[in-house]
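**Q** Take this structure, written in structure tokens, and hold onto it; I'll ask about it next.
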Amino acid sequence: MLRIAVPNKGSLSEPAAEMLREAGYRVRRDPKELVVTDPDGDVELFYLRPRDIAVYVGSGTVDAGITGRDLLLDSGSPAVEVMTLGFGASTFRYAARAGTITTVRQLEGLRVATSYPGLVEKHLADLGVSARVVRLDGAVETSISLGVADAIADVVETGTTLRQQGLEIFGDPILRSEAVLVRREDSADVAGFAVLRRRLTGVITARHYVMLDYDVPADLVEDACRLTPGLESPTVAPLANGTWCAVRAMVPRARTNAIMDELWDLGARAILVTDIAACRL
Ligand SMILES: Nc1ncnc2c1ncn2[C@@H]1O[C@H](COP(=O)(O)OP(=O)(O)OP(=O)(O)O)[C@@H](O)[C@H]1O
Ligand SMILES: O=P(O)(O)OC[C@H]1O[C@H](OP(=O)(O)OP(=O)(O)O)[C@H](O)[C@@H]1O
Ligand SMILES: [Mg+2]
């Protein structure tokens with residue numbers, strides 16, 4: 001049975017559970033459940049703190065995990081990213097009181113508060129800046145006004161928390177993060193891992209694409225197929241009337257309406273869009 005570590009709390013936990021559910025796995029119903037066995041899916045889910053997941057995966061006690069890239073790199077654990085999962089996006093950035101510090105170089109000799117000391121120490125060392133990293137568990141933005149740090153390095157999503165504290169970002173982003181599937185660096189092929197990966201890829205594809213069906217006069221099929229090339233090649237079938245064809249192709253969800261307008265202008269009719277519930281490509 002494949003052992004998978006999943007976030008039990010925080011920003012990643014709901015979307016991770018939703019993704020596993022869509023991938024057909026049995027997920028927990030009660031937030032107090034810490035281990036869930038899914039005999040049909042042949043997996044065991046371990047609900048762990050997102051920060052700890054890379055550690056468990058790296059130690060080999062679980063076979064795979066869902067965590068944030070920032071948490072993975074901060075842990076320094078021998079686990080590697082296998083695929084991105086399309087949620088939990090954030091940037092990791094330096095910030096300070098508006099107008100005080102404007103470059104990373106200026107951190108020399110100063111104090112930087114963060115919940116990600118591994119990431120920050122490495123970043124500063126790579127730039128040859130020697131600053132004192134103050135490790136805090138959370139609410140890092142308050143550390144400057146409380147006098148324990150001169151700058152912070154933290155997750156920024158909308159920037160609201162920074163603004164509320166009168167802080168401003170400076171320097172380039174340290175990292176762009178999102179939720180990732182991880183496994184141990186040197187792990188041999190574990191039974192079931194390829195299935196997990198295929199299922200998650202199926203969920204991502206089903207979310208990103210819709211199925212488009214339409215009818216088009218036979219002499220316009222080539223032009224229509226240029227608008228909807230599908231992932232490999234669209235399915236084209238003759239209609240019973242002999243002069244029109246039915247075309248079926250996957251199109252990116254975000255472009256659905258633009259493509260429908262273009263098809264309509266070309267002369268296509270009966271244009272239908274359907275959600276893809278699941279897929280293996
Ligand atoms: N707005 C956000 N705040 C915090 N983390 C976020 C946010 N958006 C995405 N993430 C990602 O979630 C992961 C952090 O997980 P963590 O469990 O610490 O989340 P959290 O929302 O901060 O939870 P907690 O309630 O424990 O503070 C990181 O990979 C981080 O990049
Ligand atoms: O840019 P924003 O959209 O404001 O989001 C980023 C904030 O959210 C997180 O804090 P969280 O709520 O997890 O609290 P914590 O600091 O206690 O972890 C993160 O640490 C930032 O403080
Ligand atoms: Mg947090």
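Quick note on naming: the chains in the structure tokens go A, B, ... in the order shown, residues restart at 1 in each chain, and ligands are numbered from 1 in order of appearance.
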Residues up to 10 Å from ligand 1, counting only C-alpha atoms and all ligand atoms: could you list those as a ChimeraX atom specification?

**A** /A:7-13,48-52,66-73,87-92,115-116,137-139,154-161,175-180

**Q** Enumerate, as a tab-separated table (two decimals) with N, CA and C atoms, in the first residue's frame, the complete set of residues in segment 104-169 of chain A that a backbone-based DSSP assignment places in helix (DSSP H, G or I).

**A**
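Once written, out-v1.tsv looks like this:
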chain	number	residue	atom	x	y	z
A	104	VAL	N	18.77	43.87	-0.55
A	104	VAL	CA	19.15	42.75	0.31
A	104	VAL	C	20.53	43.01	0.92
A	105	ARG	N	21.40	43.68	0.19
A	105	ARG	CA	22.76	44.02	0.70
A	105	ARG	C	22.68	44.77	2.03
A	106	GLN	N	21.66	45.63	2.14
A	106	GLN	CA	21.53	46.44	3.37
A	106	GLN	C	21.19	45.61	4.60
A	107	LEU	N	20.94	44.31	4.40
A	107	LEU	CA	20.64	43.45	5.56
A	107	LEU	C	21.91	43.10	6.33
A	117	PRO	N	13.90	29.53	8.32
A	117	PRO	CA	15.32	29.88	8.48
A	117	PRO	C	16.24	29.17	7.49
A	118	GLY	N	15.88	27.95	7.13
A	118	GLY	CA	16.73	27.20	6.19
A	118	GLY	C	16.83	27.92	4.86
A	119	LEU	N	15.68	28.36	4.37
A	119	LEU	CA	15.62	29.07	3.08
A	119	LEU	C	16.38	30.38	3.14
A	120	VAL	N	16.15	31.13	4.22
A	120	VAL	CA	16.70	32.48	4.31
A	120	VAL	C	18.22	32.43	4.53
A	121	GLU	N	18.67	31.53	5.41
A	121	GLU	CA	20.12	31.44	5.65
A	121	GLU	C	20.84	31.10	4.35
A	122	LYS	N	20.26	30.18	3.58
A	122	LYS	CA	20.90	29.79	2.32
A	122	LYS	C	20.90	30.97	1.35
A	123	HIS	N	19.78	31.67	1.26
A	123	HIS	CA	19.67	32.78	0.32
A	123	HIS	C	20.69	33.87	0.66
A	124	LEU	N	20.79	34.20	1.95
A	124	LEU	CA	21.74	35.24	2.36
A	124	LEU	C	23.17	34.78	2.12
A	125	ALA	N	23.44	33.51	2.45
A	125	ALA	CA	24.80	32.99	2.25
A	125	ALA	C	25.17	33.02	0.77
A	126	ASP	N	24.22	32.65	-0.11
A	126	ASP	CA	24.48	32.67	-1.55
A	126	ASP	C	24.85	34.08	-2.02
A	127	LEU	N	24.25	35.09	-1.37
A	127	LEU	CA	24.53	36.48	-1.78
A	127	LEU	C	25.70	37.08	-1.00
A	140	VAL	N	4.98	36.71	11.68
A	140	VAL	CA	6.33	37.26	11.56
A	140	VAL	C	6.32	38.77	11.32
A	141	GLU	N	5.26	39.24	10.66
A	141	GLU	CA	5.15	40.66	10.30
A	141	GLU	C	5.20	41.58	11.53
A	142	THR	N	4.77	41.06	12.68
A	142	THR	CA	4.72	41.88	13.89
A	142	THR	C	6.10	42.03	14.54
A	143	SER	N	7.04	41.18	14.14
A	143	SER	CA	8.33	41.13	14.84
A	143	SER	C	9.10	42.43	14.74
A	160	THR	N	-1.74	41.68	1.78
A	160	THR	CA	-2.59	42.39	2.76
A	160	THR	C	-1.92	42.47	4.13
A	161	THR	N	-1.36	41.36	4.59
A	161	THR	CA	-0.75	41.33	5.93
A	161	THR	C	0.39	42.35	6.01
A	162	LEU	N	1.21	42.40	4.97
A	162	LEU	CA	2.33	43.35	4.96
A	162	LEU	C	1.81	44.78	5.06
A	163	ARG	N	0.84	45.09	4.19
A	163	ARG	CA	0.30	46.46	4.16
A	163	ARG	C	-0.25	46.87	5.51
A	164	GLN	N	-0.96	45.94	6.14
A	164	GLN	CA	-1.56	46.27	7.44
A	164	GLN	C	-0.50	46.60	8.49

**Q** Distance atom CA of Ile276 of chain A-atom CA of Gly202 of chain A, one decimal place?

**A**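 Distance reported for this atom pair: 9.8 Å.
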
**Q** When you look at Pro78 of chain A with a cut-off of 9 Å (counting only C-alpha atoms), what residues show up, excluding the ones that are within fewer than 2 positions of it in the same chain? I need them as a list in words.

**A** Ala54, Val55, Val57, Gly58, Ser59, Ser75, Gly76, Val80, Arg183, Arg184, Glu185 and Asp186 of chain A

**Q** Go ahead and dump the residues you just picked, C-alpha atoms, as a compact mmCIF listing (two decimals), in the first residue's frame.

**A**
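As written to disk, selection.txt reads:
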# COMPACT_ATOMS: atom_id res chain seq x y z
CA ALA A 54 9.21 16.67 3.55
CA VAL A 55 10.95 15.34 6.65
CA VAL A 57 9.20 11.69 2.97
CA GLY A 58 12.95 12.27 3.12
CA SER A 59 13.34 9.76 5.93
CA SER A 75 13.50 21.50 5.41
CA GLY A 76 16.74 20.55 3.64
CA VAL A 80 12.48 16.00 -4.37
CA ARG A 183 9.16 11.73 -2.96
CA ARG A 184 12.46 10.62 -1.48
CA GLU A 185 15.48 11.62 -3.55
CA ASP A 186 16.91 8.17 -4.21

**Q** Using only C-alpha atoms, which residue out of A:Ala194, A:Leu220, A:Ala237, A:Met1 lies closest to Asp265 of chain A?

**A**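 Result for the nearest residue to Asp265 of chain A: A:Leu220.
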
**Q** For Thr103 of chain A, list every protein, DNA or RNA residue within 10 Å, evaluated using only C-alpha atoms, and leave out those in the same chain fewer than 3 positions away; present the list as a list in words.

**A**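 The neighbour list is Tyr94, Ala95, Thr100, Gln106, Leu107, Ile169, Phe170, Gly171 and Asp172 of chain A.
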
**Q** Mind pulling up the distance from atom CA of Asp63 of chain A to atom CA of Arg280 of chain A?

**A**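 Straight-line distance from atom CA of Arg280 of chain A to atom CA of Asp63 of chain A works out to 22.4 Å.
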